[in-house]
Structures are given as structure tokens and as C-alpha cells.
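To be precise, the following lines are input.pdb, and they hold PDB, C-alpha atoms (C1' of nucleotides).
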ATOM      1  CA  MET A  40     -45.844 -15.439  64.705
ATOM      2  CA  PRO A  41     -42.812 -13.372  64.540
ATOM      3  CA  GLU A  42     -43.215 -10.168  62.593
ATOM      4  CA  LEU A  43     -40.388  -7.918  61.417
ATOM      5  CA  PRO A  44     -38.973  -6.984  64.880
ATOM      6  CA  GLU A  45     -38.897 -10.583  66.068
ATOM      7  CA  VAL A  46     -37.233 -11.823  62.865
ATOM      8  CA  HIS A  47     -34.802  -8.896  63.046
ATOM      9  CA  THR A  48     -33.830  -9.918  66.587
ATOM     10  CA  ILE A  49     -33.252 -13.504  65.468
ATOM     11  CA  ILE A  50     -31.124 -12.370  62.507
ATOM     12  CA  THR A  51     -28.999 -10.060  64.670
ATOM     13  CA  ASP A  52     -28.360 -12.757  67.275
ATOM     14  CA  LEU A  53     -27.552 -15.359  64.627
ATOM     15  CA  LYS A  54     -25.032 -12.977  63.027
ATOM     16  CA  ASN A  55     -23.307 -12.643  66.382
ATOM     17  CA  SER A  56     -23.400 -16.365  67.063
ATOM     18  CA  ILE A  57     -22.932 -18.597  64.037
ATOM     19  CA  LEU A  58     -21.034 -16.738  61.287
ATOM     20  CA  GLY A  59     -18.087 -18.827  60.127
ATOM     21  CA  TYR A  60     -19.535 -21.999  61.641
ATOM     22  CA  THR A  61     -19.701 -25.105  59.483
ATOM     23  CA  ILE A  62     -22.711 -27.408  59.415
ATOM     24  CA  LEU A  63     -21.177 -30.674  60.574
ATOM     25  CA  LYS A  64     -24.316 -32.776  60.683
ATOM     26  CA  SER A  65     -28.038 -32.298  60.281
ATOM     27  CA  LEU A  66     -31.125 -34.230  61.191
ATOM     28  CA  ALA A  67     -34.499 -33.520  59.576
ATOM     29  CA  SER A  68     -37.940 -34.828  60.454
ATOM     30  CA  ASP A  69     -40.025 -36.790  57.976
ATOM     31  CA  ARG A  70     -43.231 -35.045  59.055
ATOM     32  CA  TYR A  71     -42.176 -31.659  57.711
ATOM     33  CA  THR A  72     -42.101 -30.537  54.089
ATOM     34  CA  ILE A  73     -38.559 -29.496  53.225
ATOM     35  CA  HIS A  74     -37.681 -27.811  49.939
ATOM     36  CA  PRO A  75     -36.735 -29.203  47.482
ATOM     37  CA  ASP A  76     -36.715 -32.493  49.413
ATOM     38  CA  LYS A  77     -35.144 -33.806  52.601
ATOM     39  CA  LEU A  78     -32.209 -35.623  50.988
ATOM     40  CA  SER A  79     -31.046 -32.812  48.688
ATOM     41  CA  PHE A  80     -31.474 -30.392  51.553
ATOM     42  CA  ILE A  81     -29.215 -32.381  53.866
ATOM     43  CA  ASN A  82     -26.664 -33.136  51.149
ATOM     44  CA  GLY A  83     -26.644 -29.478  50.149
ATOM     45  CA  ILE A  84     -25.961 -28.088  53.626
ATOM     46  CA  GLU A  85     -23.663 -30.595  55.348
ATOM     47  CA  GLY A  86     -20.047 -29.495  55.197
ATOM     48  CA  ARG A  87     -21.011 -25.945  54.207
ATOM     49  CA  THR A  88     -19.974 -22.879  56.168
ATOM     50  CA  ILE A  89     -22.429 -20.105  57.095
ATOM     51  CA  ASN A  90     -21.058 -16.888  55.622
ATOM     52  CA  ASN A  91     -23.928 -14.521  56.322
ATOM     53  CA  VAL A  92     -27.436 -14.250  57.746
ATOM     54  CA  ASN A  93     -30.046 -12.018  56.174
ATOM     55  CA  ARG A  94     -33.701 -11.069  56.365
ATOM     56  CA  VAL A  95     -36.087 -10.654  53.433
ATOM     57  CA  ALA A  96     -39.457  -9.534  54.834
ATOM     58  CA  LYS A  97     -40.135 -12.172  57.515
ATOM     59  CA  ASN A  98     -37.879 -14.737  55.821
ATOM     60  CA  ILE A  99     -34.577 -15.823  57.368
ATOM     61  CA  LEU A 100     -31.732 -16.692  54.996
ATOM     62  CA  LEU A 101     -28.451 -18.334  55.977
ATOM     63  CA  GLU A 102     -25.941 -17.734  53.183
ATOM     64  CA  LEU A 103     -23.684 -20.738  52.615
ATOM     65  CA  ASP A 104     -20.215 -20.899  51.052
ATOM     66  CA  ASN A 105     -21.593 -22.623  47.945
ATOM     67  CA  GLY A 106     -23.772 -19.678  46.908
ATOM     68  CA  ARG A 107     -26.935 -21.243  48.221
ATOM     69  CA  TYR A 108     -29.135 -20.254  51.144
ATOM     70  CA  ILE A 109     -30.966 -22.049  53.893
ATOM     71  CA  HIS A 110     -34.421 -20.499  53.924
ATOM     72  CA  PHE A 111     -36.613 -20.421  57.031
ATOM     73  CA  HIS A 112     -40.058 -18.917  57.486
ATOM     74  CA  LEU A 113     -41.424 -19.146  61.019
ATOM     75  CA  ALA A 114     -45.102 -18.484  60.136
ATOM     76  CA  MET A 115     -47.220 -18.565  63.309
ATOM     77  CA  THR A 116     -45.356 -20.910  65.608
ATOM     78  CA  GLY A 117     -41.883 -21.508  64.202
ATOM     79  CA  ARG A 118     -38.790 -20.952  66.341
ATOM     80  CA  LEU A 119     -35.050 -21.037  65.793
ATOM     81  CA  LEU A 120     -33.205 -22.116  68.913
ATOM     82  CA  LEU A 121     -29.459 -22.152  69.471
ATOM     83  CA  ARG A 122     -28.304 -24.652  72.086
ATOM     84  CA  GLU A 123     -24.865 -25.259  73.567
ATOM     85  CA  ASP A 124     -25.461 -28.973  73.987
ATOM     86  CA  THR A 125     -27.985 -31.705  73.262
ATOM     87  CA  LYS A 126     -29.423 -31.862  76.780
ATOM     88  CA  THR A 127     -32.385 -29.577  76.081
ATOM     89  CA  LYS A 128     -35.248 -31.420  74.433
ATOM     90  CA  ASP A 129     -37.224 -28.936  72.379
ATOM     91  CA  ASN A 130     -40.766 -29.837  71.413
ATOM     92  CA  TRP A 131     -41.762 -29.924  67.735
ATOM     93  CA  THR A 132     -38.181 -30.000  66.452
ATOM     94  CA  HIS A 133     -38.169 -30.600  62.693
ATOM     95  CA  LEU A 134     -34.541 -29.787  61.937
ATOM     96  CA  ALA A 135     -31.412 -29.911  64.083
ATOM     97  CA  MET A 136     -28.000 -28.828  62.827
ATOM     98  CA  LYS A 137     -24.673 -29.438  64.573
ATOM     99  CA  LEU A 138     -22.405 -26.442  63.986
ATOM    100  CA  GLY A 139     -18.672 -26.127  64.640
ATOM    101  CA  ASN A 140     -15.888 -23.635  63.998
ATOM    102  CA  GLY A 141     -12.922 -25.724  65.101
ATOM    103  CA  GLN A 142     -13.229 -24.400  68.655
ATOM    104  CA  ASP A 143     -16.737 -24.935  69.867
ATOM    105  CA  ILE A 144     -19.899 -26.741  68.920
ATOM    106  CA  LYS A 145     -23.440 -25.354  68.819
ATOM    107  CA  TYR A 146     -26.793 -26.813  67.860
ATOM    108  CA  LEU A 147     -29.317 -24.837  65.817
ATOM    109  CA  LYS A 148     -32.861 -26.189  65.845
ATOM    110  CA  PHE A 149     -35.991 -25.255  63.915
ATOM    111  CA  THR A 150     -39.184 -26.076  65.792
ATOM    112  CA  ASP A 151     -42.778 -25.521  64.680
ATOM    113  CA  MET A 152     -45.874 -26.572  66.577
ATOM    114  CA  ARG A 153     -48.451 -25.899  63.867
ATOM    115  CA  MET A 154     -46.202 -26.683  60.908
ATOM    116  CA  PHE A 155     -47.129 -23.674  58.770
ATOM    117  CA  GLY A 156     -43.499 -22.607  58.478
ATOM    118  CA  LYS A 157     -40.925 -23.300  55.804
ATOM    119  CA  ILE A 158     -37.537 -24.966  55.633
ATOM    120  CA  GLY A 159     -35.672 -24.987  52.348
ATOM    121  CA  LEU A 160     -32.436 -24.781  50.443
ATOM    122  CA  VAL A 161     -32.654 -22.156  47.716
ATOM    123  CA  ASP A 162     -30.333 -20.841  45.033
ATOM    124  CA  GLU A 163     -29.827 -17.252  43.892
ATOM    125  CA  THR A 164     -32.707 -17.490  41.393
ATOM    126  CA  GLU A 165     -35.160 -18.737  43.991
ATOM    127  CA  LEU A 166     -33.988 -16.038  46.397
ATOM    128  CA  THR A 167     -34.740 -13.447  43.714
ATOM    129  CA  THR A 168     -38.224 -14.922  43.382
ATOM    130  CA  ILE A 169     -38.730 -14.546  47.134
ATOM    131  CA  ARG A 170     -37.489 -10.945  47.025
ATOM    132  CA  ASN A 171     -39.735 -10.093  44.069
ATOM    133  CA  ALA A 172     -42.790 -11.474  45.849
ATOM    134  CA  HIS A 173     -42.432  -8.778  48.520
ATOM    135  CA  GLY A 174     -42.974  -5.048  48.588
ATOM    136  CA  PRO A 175     -40.373  -2.752  50.150
ATOM    137  CA  ASP A 176     -39.381  -3.454  53.722
ATOM    138  CA  ALA A 177     -41.330  -1.343  56.212
ATOM    139  CA  LEU A 178     -38.074  -0.059  57.711
ATOM    140  CA  GLU A 179     -36.356   0.637  54.386
ATOM    141  CA  SER A 180     -34.905   4.158  54.622
ATOM    142  CA  ASN A 181     -35.863   5.135  51.066
ATOM    143  CA  LEU A 182     -39.519   4.284  51.644
ATOM    144  CA  THR A 183     -40.967   7.789  51.351
ATOM    145  CA  THR A 184     -44.516   8.927  52.078
ATOM    146  CA  ASP A 185     -45.152   9.380  48.338
ATOM    147  CA  ARG A 186     -44.064   5.856  47.539
ATOM    148  CA  PHE A 187     -46.000   4.473  50.524
ATOM    149  CA  LEU A 188     -49.139   6.319  49.402
ATOM    150  CA  LYS A 189     -48.837   4.924  45.866
ATOM    151  CA  LEU A 190     -48.284   1.426  47.238
ATOM    152  CA  ILE A 191     -51.325   1.374  49.516
ATOM    153  CA  LYS A 192     -53.539   2.820  46.791
ATOM    154  CA  SER A 193     -52.369   0.161  44.320
ATOM    155  CA  LYS A 194     -55.075  -2.136  45.695
ATOM    156  CA  ASN A 195     -58.657  -1.440  46.589
ATOM    157  CA  SER A 196     -59.166  -2.759  50.079
ATOM    158  CA  ASN A 197     -59.209  -1.547  53.646
ATOM    159  CA  ILE A 198     -55.975  -0.268  55.118
ATOM    160  CA  LYS A 199     -55.673  -3.086  57.662
ATOM    161  CA  ASN A 200     -55.668  -5.708  54.888
ATOM    162  CA  ILE A 201     -53.183  -3.750  52.838
ATOM    163  CA  LEU A 202     -50.721  -3.412  55.713
ATOM    164  CA  LEU A 203     -50.787  -7.180  56.121
ATOM    165  CA  ASP A 204     -50.215  -7.757  52.399
ATOM    166  CA  GLN A 205     -46.507  -8.570  52.129
ATOM    167  CA  ALA A 206     -46.592  -7.929  48.365
ATOM    168  CA  VAL A 207     -47.434  -4.284  49.063
ATOM    169  CA  ILE A 208     -45.188  -3.548  52.046
ATOM    170  CA  SER A 209     -43.318  -6.221  53.948
ATOM    171  CA  GLY A 210     -42.622  -7.000  57.576
ATOM    172  CA  ILE A 211     -45.855  -5.865  59.246
ATOM    173  CA  GLY A 212     -48.129  -8.435  60.886
ATOM    174  CA  ASN A 213     -51.405  -8.281  62.785
ATOM    175  CA  ILE A 214     -50.089  -6.817  66.044
ATOM    176  CA  TYR A 215     -48.041  -3.975  64.590
ATOM    177  CA  ALA A 216     -50.661  -3.143  61.944
ATOM    178  CA  THR A 217     -53.236  -2.829  64.725
ATOM    179  CA  ASP A 218     -51.045  -0.590  66.896
ATOM    180  CA  ALA A 219     -49.810   1.575  64.001
ATOM    181  CA  LEU A 220     -53.383   2.320  62.870
ATOM    182  CA  PHE A 221     -54.239   3.364  66.416
ATOM    183  CA  MET A 222     -51.181   5.600  66.668
ATOM    184  CA  ALA A 223     -52.082   7.246  63.334
ATOM    185  CA  ASN A 224     -55.783   7.670  64.336
ATOM    186  CA  ILE A 225     -56.959   5.685  61.317
ATOM    187  CA  ASN A 226     -59.931   3.319  61.465
ATOM    188  CA  PRO A 227     -58.793  -0.114  60.194
ATOM    189  CA  HIS A 228     -61.836  -0.316  57.863
ATOM    190  CA  THR A 229     -60.792   2.816  55.946
ATOM    191  CA  LYS A 230     -60.474   2.125  52.221
ATOM    192  CA  THR A 231     -57.008   3.092  51.038
ATOM    193  CA  LYS A 232     -58.456   5.147  48.172
ATOM    194  CA  VAL A 233     -59.768   7.754  50.640
ATOM    195  CA  ILE A 234     -56.547   7.984  52.656
ATOM    196  CA  THR A 235     -54.903  11.386  52.373
ATOM    197  CA  SER A 236     -51.239  12.180  51.995
ATOM    198  CA  ASN A 237     -51.168  13.539  55.555
ATOM    199  CA  GLN A 238     -52.697  10.346  56.906
ATOM    200  CA  ALA A 239     -50.215   8.255  54.943
ATOM    201  CA  GLU A 240     -47.325  10.239  56.370
ATOM    202  CA  LYS A 241     -48.635   9.813  59.903
ATOM    203  CA  LEU A 242     -49.218   6.097  59.365
ATOM    204  CA  LEU A 243     -45.781   5.464  57.891
ATOM    205  CA  ASN A 244     -44.199   7.315  60.813
ATOM    206  CA  ALA A 245     -46.258   5.238  63.245
ATOM    207  CA  ILE A 246     -45.190   2.009  61.547
ATOM    208  CA  LYS A 247     -41.514   2.945  61.654
ATOM    209  CA  THR A 248     -41.728   4.160  65.259
ATOM    210  CA  ILE A 249     -43.509   1.040  66.502
ATOM    211  CA  LEU A 250     -41.301  -1.423  64.634
ATOM    212  CA  SER A 251     -38.155   0.354  65.854
ATOM    213  CA  GLU A 252     -39.413   0.421  69.440
ATOM    214  CA  SER A 253     -40.181  -3.268  69.274
ATOM    215  CA  ILE A 254     -36.696  -4.007  67.939
ATOM    216  CA  GLN A 255     -35.310  -2.123  70.968
ATOM    217  CA  HIS A 256     -37.480  -4.411  73.126
ATOM    218  CA  ARG A 257     -36.338  -7.537  71.253
ATOM    219  CA  GLY A 258     -39.850  -8.218  69.937
ATOM    220  CA  SER A 259     -43.175  -9.196  71.499
ATOM    221  CA  THR A 260     -43.891 -12.432  73.323
ATOM    222  CA  LEU A 261     -47.590 -13.202  73.809
ATOM    223  CA  PRO A 262     -48.920 -15.329  76.700
ATOM    224  CA  ASP A 263     -48.519 -18.507  74.607
ATOM    225  CA  ARG A 264     -44.745 -17.845  74.486
ATOM    226  CA  MET A 265     -44.615 -18.960  70.826
ATOM    227  CA  TYR A 266     -42.032 -16.292  70.057
ATOM    228  CA  VAL A 267     -38.777 -16.459  71.958
ATOM    229  CA  ASP A 268     -35.315 -15.471  70.723
ATOM    230  CA  ILE A 269     -32.652 -17.999  69.688
ATOM    231  CA  PHE A 270     -31.578 -18.306  73.332
ATOM    232  CA  GLY A 271     -35.144 -19.082  74.432
ATOM    233  CA  LYS A 272     -35.705 -15.659  75.999
ATOM    234  CA  GLU A 273     -38.894 -13.602  75.698
ATOM    235  CA  GLY A 274     -39.164 -10.164  74.141
ATOM    236  CA  THR A 275     -40.647  -7.312  76.195
ATOM    237  CA  HIS A 276     -42.515  -5.179  73.672
ATOM    238  CA  GLN A 277     -45.849  -6.728  74.742
ATOM    239  CA  LYS A 278     -45.601  -4.405  77.760
ATOM    240  CA  TYR A 279     -45.772  -1.456  75.382
ATOM    241  CA  PHE A 280     -48.720  -2.430  73.167
ATOM    242  CA  ARG A 281     -50.868   0.622  72.534
ATOM    243  CA  ILE A 282     -54.256  -0.941  71.791
ATOM    244  CA  TYR A 283     -53.623  -4.583  70.834
ATOM    245  CA  MET A 284     -55.298  -6.783  73.493
ATOM    246  CA  LYS A 285     -56.466  -3.708  75.459
ATOM    247  CA  GLU A 286     -59.986  -3.247  76.806
ATOM    248  CA  LYS A 287     -60.037   0.549  77.054
ATOM    249  CA  CYS A 288     -58.538   3.186  74.814
ATOM    250  CA  PRO A 289     -55.395   4.514  76.510
ATOM    251  CA  THR A 290     -56.241   8.014  75.235
ATOM    252  CA  CYS A 291     -59.978   8.486  75.880
ATOM    253  CA  LYS A 292     -60.921   5.388  77.941
ATOM    254  CA  THR A 293     -63.658   4.391  75.477
ATOM    255  CA  ASN A 294     -64.246   0.639  75.280
ATOM    256  CA  VAL A 295     -62.023  -0.813  72.567
ATOM    257  CA  VAL A 296     -63.813  -2.506  69.664
ATOM    258  CA  VAL A 297     -62.525  -5.998  68.874
ATOM    259  CA  GLU A 298     -63.567  -7.467  65.570
ATOM    260  CA  LYS A 299     -62.295  -9.739  62.855
ATOM    261  CA  ILE A 300     -61.049  -8.092  59.714
ATOM    262  CA  SER A 301     -60.175 -10.737  57.147
ATOM    263  CA  GLY A 302     -60.147 -13.289  59.899
ATOM    264  CA  ARG A 303     -57.666 -11.443  62.097
ATOM    265  CA  SER A 304     -58.474  -9.931  65.487
ATOM    266  CA  THR A 305     -58.406  -6.180  65.161
ATOM    267  CA  TYR A 306     -58.566  -3.759  68.101
ATOM    268  CA  TYR A 307     -59.501  -0.144  67.588
ATOM    269  CA  CYS A 308     -60.949   2.868  69.367
ATOM    270  CA  PRO A 309     -64.193   4.028  67.666
ATOM    271  CA  THR A 310     -63.606   7.537  69.036
ATOM    272  CA  CYS A 311     -59.925   8.129  68.290
ATOM    273  CA  GLN A 312     -59.721   6.256  64.977
ATOM    274  CA  PHE A 313     -61.747   7.523  62.015
TER
ATOM    275  C1'  DA B  52     -66.652 -28.726  72.985
ATOM    276  C1'  DT B  53     -65.880 -24.626  70.773
ATOM    277  C1'  DG B  54     -63.350 -20.781  69.779
ATOM    278  C1'  DT B  55     -58.742 -18.704  69.836
ATOM    279  C1'  DT B  56     -53.905 -17.950  67.805
ATOM    280  C1'  DT B  57     -47.937 -13.222  65.844
ATOM    281  C1'  DG B  58     -48.904 -15.978  58.508
ATOM    282  C1'  DT B  59     -49.297 -17.311  53.837
ATOM    283  C1'  DT B  60     -51.384 -19.412  49.933
ATOM    284  C1'  DC B  61     -54.884 -21.126  47.214
ATOM    285  C1'  DC B  62     -59.447 -21.182  45.321
ATOM    286  C1'  DG B  63     -63.939 -19.533  44.211
ATOM    287  C1'  DA B  64     -66.807 -15.473  43.414
ATOM    288  C1'  DT B  65     -67.210 -11.150  41.241
TER
ATOM    289  C1'  DC C 251     -57.982 -11.620  33.150
ATOM    290  C1'  DA C 252     -57.524  -9.250  37.595
ATOM    291  C1'  DT C 253     -58.799  -8.589  42.180
ATOM    292  C1'  DC C 254     -60.635  -9.601  46.610
ATOM    293  C1'  DG C 255     -61.974 -12.248  50.649
ATOM    294  C1'  DG C 256     -62.610 -16.389  52.963
ATOM    295  C1'  DA C 257     -61.029 -21.046  53.868
ATOM    296  C1'  DA C 258     -57.449 -24.089  54.716
ATOM    297  C1'  DC C 259     -53.154 -25.523  56.536
ATOM    298  C1'  DA C 260     -52.437 -28.058  62.174
ATOM    299  C1'  DA C 261     -51.920 -28.096  67.079
ATOM    300  C1'  DA C 262     -52.438 -26.573  71.715
ATOM    301  C1'  DC C 263     -54.844 -24.193  75.070
ATOM    302  C1'  DA C 264     -58.745 -22.022  77.739
TER
END

Take the structure in this file and express it as C-alpha cells.
Amino acid sequence: MPELPEVHTIITDLKNSILGYTILKSLASDRYTIHPDKLSFINGIEGRTINNVNRVAKNILLELDNGRYIHFHLAMTGRLLLREDTKTKDNWTHLAMKLGNGQDIKYLKFTDMRMFGKIGLVDETELTTIRNAHGPDALESNLTTDRFLKLIKSKNSNIKNILLDQAVISGIGNIYATDALFMANINPHTKTKVITSNQAEKLLNAIKTILSESIQHRGSTLPDRMYVDIFGKEGTHQKYFRIYMKEKCPTCKTNVVVEKISGRSTYYCPTCQF
DNA sequence: ATGTTTGTTCCGAT
DNA sequence: CATCGGAACAAACA
């Protein structure tokens, strides 16, 4: 699924494409769970204008002119697609919205093959709940090494798990956690309690560097093409993966170890990461 | 057929 | 009561 850079790309493109557009009509599938329910969702969004688009962790929020927000989470296989007309048939479409600004018409669709994602209409209180469920954003400028160190030591687990825990620090997923640990020369099994301040600084820098690079590359699209931007185009950061999906360490050519950590494929170099 | 998959949440064990 | 780790959620592909 989309991690922070992919969601960031979607948010940026949406801001440039649909601000000031009104939701003229919407069509929702019966197979998908919509919060609070399909009818109140549709009644709550039709006729409303989109005033802003924001990201909270990997959540996408469209701010409406009635103080409420359309909430999307793409999970593993969700997509938001913006179409100029209705000719394109997109598989697994669970919500389609007709948008207009008095001049032109656009169609915004939410599709999700595996249906782990979320569609909802939330108020300010519910948005606060979503915000409070997440730790600081990985790219937040006031996230210092000291604060990062305290955060990762707040739980007793291995560093790979902690990086994926959105309640600790938000925005990082399996791919970027894997690459950041390689860049910081930290073995993914390392318990956070033994991580030093120097290691934390190096890791935080690696996280910020990798996420920023990926944003420059408009995110990563894996061979299954599950992530594409709102125009249906692939990202290019997969060309710049450091160790994710690699067979040999790019630094020392040792065979990369692939193993599951908490059910997620983790790649690391047994020589360079300790 | 079996094993994969970019995420999150819930439930059981400790 | 808090914390941790694995299973489950569902579908397509190799």
C-alpha cells in the first residue's frame, strides 16, 4: 500500500486538481463498509464543496464546506483516481463522485481490490480521534533526535516493529522501514532499548532522507502496480530501493537475508547491519 | 495449490 | 491492567 510518500503525492495532486469543486453526485457500492453508513455518507457529501485536502499519517482527508471531512485510507490496495470522463472503467470501484466547479466536470473514484481500506464521513471530533491515534509524522520538522529516541524506547520491541507502529511515529511502512534500517546500518531485530542516541540520529536522518527522495520520485510502484497516482501514473522510487527486494547488499555484495518480522518481509544485510 | 502482497485492528497469551 | 505478537480481513497473481 501507499506509505507516506505515495499519500503525499496523492494529496498534492488533489490540491492542484479539485479544490473549490462541488460534489454534484456520488455513487457508492453496497459491498464496501462506509462510515457511518452509505446513506448518511452520500447525503452528507452531495452538494458540498471541497475546501481543502490534508494528510494525517497515511489518511487522506477532504475538508468540506460544512466542517466535515471525507476520510479515505488506502490500506494495501486502495487507489484514488481522477478521471476526465466516464469512459474509463476502473476495476474494484467502490465510490465514484462527480465533481464540478461551474466550468468543468471531473470524476473522483476510490477503488480497492482487497477491501482493507476505509471510506467515511467524519466530523471534527472524529478527526481529532484519528490524529490522537497517531504519533508525530515522520517528516514533521520539530521531530528531534531526542524526541524520536524517547518515542522508540516507549515500547519494548524490535526497531522494525516500532517503525511500523503508527501510534509511535506515523507514515512509515514496510518498504521505507526496511530501507531506512539498511541506510542507518541497524539490524531490524535490534531491541529499541539498546539503541544509542547516535544510532537514533542516523536512523531518523535515513528515514527523512528516504521519504523525501521518494516524494521527489512521486512514490514507489511495485510490479503489481497497486499504487499509481490520481492520474493512473506510476511512481519511480522503486528504481532507487537500497535493499528492499534486492538479492545482494549494494555495499558489500553479501547475500541479503529475507525473513518475516511480524509477518512482513524484511530484507537486511547481515554484514552491514548490526 | 500454495505462498505472496506497500496496512491496520483485534484477540489471546504473558 | 498493559503490552506484545500473531491472525484475520480479501483478492489476485505466480

Taking only C-alpha atoms (C1' of nucleotides) into account and nothing else, which residues of chain C lie no more than 7 Å away from chain A? Please answer as a PyMOL selection string. chain C and resi 255+259-261

Quick one: distance from CA of Ala177 in chain A to CA of Ala239 in chain A in Å, one decimal? 13.1 Å

Let me know the residues the PyMOL selection byres ((chain A) within 10 of (chain B)) catches in the file above, as a ChimeraX atom specification. /A:40-42,45,97,112-116,155-156,203-205,212-215,259-261,263,265-266,303-304

Between CA of Ile109 in chain A and CA of Pro75 in chain A, what is the spacing in Å?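 So the answer is 11.2 Å.
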
So how many Å separate CA of Lys189 in chain A and CA of Asn244 in chain A, to one decimal?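 Distance reported for this atom pair: 15.8 Å.
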
I need the residue set behind the PyMOL selection byres ((chain A and resi 281) around 10) for this file; please write it as a VMD selection string. chain A and resid 214 to 215 217 to 219 221 to 222 249 277 to 280 282 to 285 288 to 290 306 to 307

I'd like the neighbourhood of Gly106 in chain A as a PDB file with C-alpha atoms, in the frame of the given file, where a residue qualifies if any of its atoms comes within 9 Å (using only C-alpha atoms (C1' of nucleotides)), though same-chain residues fewer than 2 positions away should be ignored.
ATOM      1  CA  GLU A 102     -25.941 -17.734  53.183  1.00  0.00           C
ATOM      2  CA  LEU A 103     -23.684 -20.738  52.615  1.00  0.00           C
ATOM      3  CA  ASP A 104     -20.215 -20.899  51.052  1.00  0.00           C
ATOM      4  CA  TYR A 108     -29.135 -20.254  51.144  1.00  0.00           C
ATOM      5  CA  ASP A 162     -30.333 -20.841  45.033  1.00  0.00           C
ATOM      6  CA  GLU A 163     -29.827 -17.252  43.892  1.00  0.00           C
TER       7      GLU A 163
END

Please provide the set of residues having any atom within 12 Å of Lys230 in chain A, restricted to only C-alpha atoms (C1' of nucleotides), with same-chain residues fewer than 6 positions apart removed, written as a PyMOL selection string. chain A and resi 191-202+313

Please provide as a count of residues only all residues within 8 Å of range 51-62 of chain A, with the sequence filter that same-chain residues fewer than 6 positions apart are discarded (counting all atoms listed in the file). 15

Please tell me which residues are no farther than 12 Å from (-32.3, -21.6, 69.1) in the file, counting only C-alpha atoms (C1' of nucleotides), and write them as a PyMOL selection string. chain A and resi 49-50+52-53+56-57+117-125+127-129+132+134-137+145-150+266-272

Determine the residue set returned by the PyMOL selection byres ((chain A and resi 243) around 9) for the present structure, and present it as a PyMOL selection string. chain A and resi 177+182-184+187+219+223+238-242+244-248

Export, as a short mmCIF file (atom, residue, chain, number, x, y, z; two decimals), keeping the file's coordinate frame, the selected residues with C-alpha atoms.
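out-v3.cif written:
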data_model
loop_
_atom_site.label_atom_id
_atom_site.label_comp_id
_atom_site.auth_asym_id
_atom_site.auth_seq_id
_atom_site.Cartn_x
_atom_site.Cartn_y
_atom_site.Cartn_z
CA ALA A 177 -41.33 -1.34 56.21
CA LEU A 182 -39.52 4.28 51.64
CA THR A 183 -40.97 7.79 51.35
CA THR A 184 -44.52 8.93 52.08
CA PHE A 187 -46.00 4.47 50.52
CA ALA A 219 -49.81 1.58 64.00
CA ALA A 223 -52.08 7.25 63.33
CA GLN A 238 -52.70 10.35 56.91
CA ALA A 239 -50.22 8.26 54.94
CA GLU A 240 -47.32 10.24 56.37
CA LYS A 241 -48.64 9.81 59.90
CA LEU A 242 -49.22 6.10 59.36
CA ASN A 244 -44.20 7.32 60.81
CA ALA A 245 -46.26 5.24 63.24
CA ILE A 246 -45.19 2.01 61.55
CA LYS A 247 -41.51 2.94 61.65
CA THR A 248 -41.73 4.16 65.26
#

Could you add the missing atoms to range 156-173 of chain A, up to N, CA and C atoms, and return them as a tab-separated table (two decimals), in the frame of the given file?
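Saved to part32.tsv:
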chain	number	residue	atom	x	y	z
A	156	GLY	N	-44.75	-23.26	58.87
A	156	GLY	CA	-43.50	-22.61	58.48
A	156	GLY	C	-42.84	-23.26	57.28
A	157	LYS	N	-41.65	-22.79	56.97
A	157	LYS	CA	-40.92	-23.30	55.80
A	157	LYS	C	-39.47	-23.57	56.14
A	158	ILE	N	-38.97	-24.68	55.61
A	158	ILE	CA	-37.54	-24.97	55.63
A	158	ILE	C	-37.14	-25.27	54.20
A	159	GLY	N	-36.08	-24.67	53.71
A	159	GLY	CA	-35.67	-24.99	52.35
A	159	GLY	C	-34.23	-24.64	52.07
A	160	LEU	N	-33.75	-25.16	50.96
A	160	LEU	CA	-32.44	-24.78	50.44
A	160	LEU	C	-32.70	-24.14	49.09
A	161	VAL	N	-32.33	-22.87	48.96
A	161	VAL	CA	-32.65	-22.16	47.72
A	161	VAL	C	-31.40	-21.61	47.06
A	162	ASP	N	-31.46	-21.45	45.75
A	162	ASP	CA	-30.33	-20.84	45.03
A	162	ASP	C	-30.64	-19.36	44.80
A	163	GLU	N	-29.71	-18.70	44.12
A	163	GLU	CA	-29.83	-17.25	43.89
A	163	GLU	C	-31.13	-16.90	43.16
A	164	THR	N	-31.49	-17.74	42.17
A	164	THR	CA	-32.71	-17.49	41.39
A	164	THR	C	-33.95	-17.56	42.27
A	165	GLU	N	-34.00	-18.58	43.11
A	165	GLU	CA	-35.16	-18.74	43.99
A	165	GLU	C	-35.22	-17.61	45.02
A	166	LEU	N	-34.03	-17.15	45.46
A	166	LEU	CA	-33.99	-16.04	46.40
A	166	LEU	C	-34.55	-14.77	45.74
A	167	THR	N	-34.20	-14.59	44.46
A	167	THR	CA	-34.74	-13.45	43.71
A	167	THR	C	-36.26	-13.53	43.64
A	168	THR	N	-36.77	-14.73	43.42
A	168	THR	CA	-38.22	-14.92	43.38
A	168	THR	C	-38.86	-14.52	44.71
A	169	ILE	N	-38.22	-14.92	45.81
A	169	ILE	CA	-38.73	-14.55	47.13
A	169	ILE	C	-38.71	-13.02	47.29
A	170	ARG	N	-37.59	-12.41	46.93
A	170	ARG	CA	-37.49	-10.94	47.02
A	170	ARG	C	-38.57	-10.26	46.20
A	171	ASN	N	-38.78	-10.74	44.97
A	171	ASN	CA	-39.74	-10.09	44.07
A	171	ASN	C	-41.19	-10.26	44.52
A	172	ALA	N	-41.43	-11.25	45.38
A	172	ALA	CA	-42.79	-11.47	45.85
A	172	ALA	C	-43.16	-10.49	46.95
A	173	HIS	N	-42.19	-9.69	47.40
A	173	HIS	CA	-42.43	-8.78	48.52
A	173	HIS	C	-42.28	-7.32	48.13
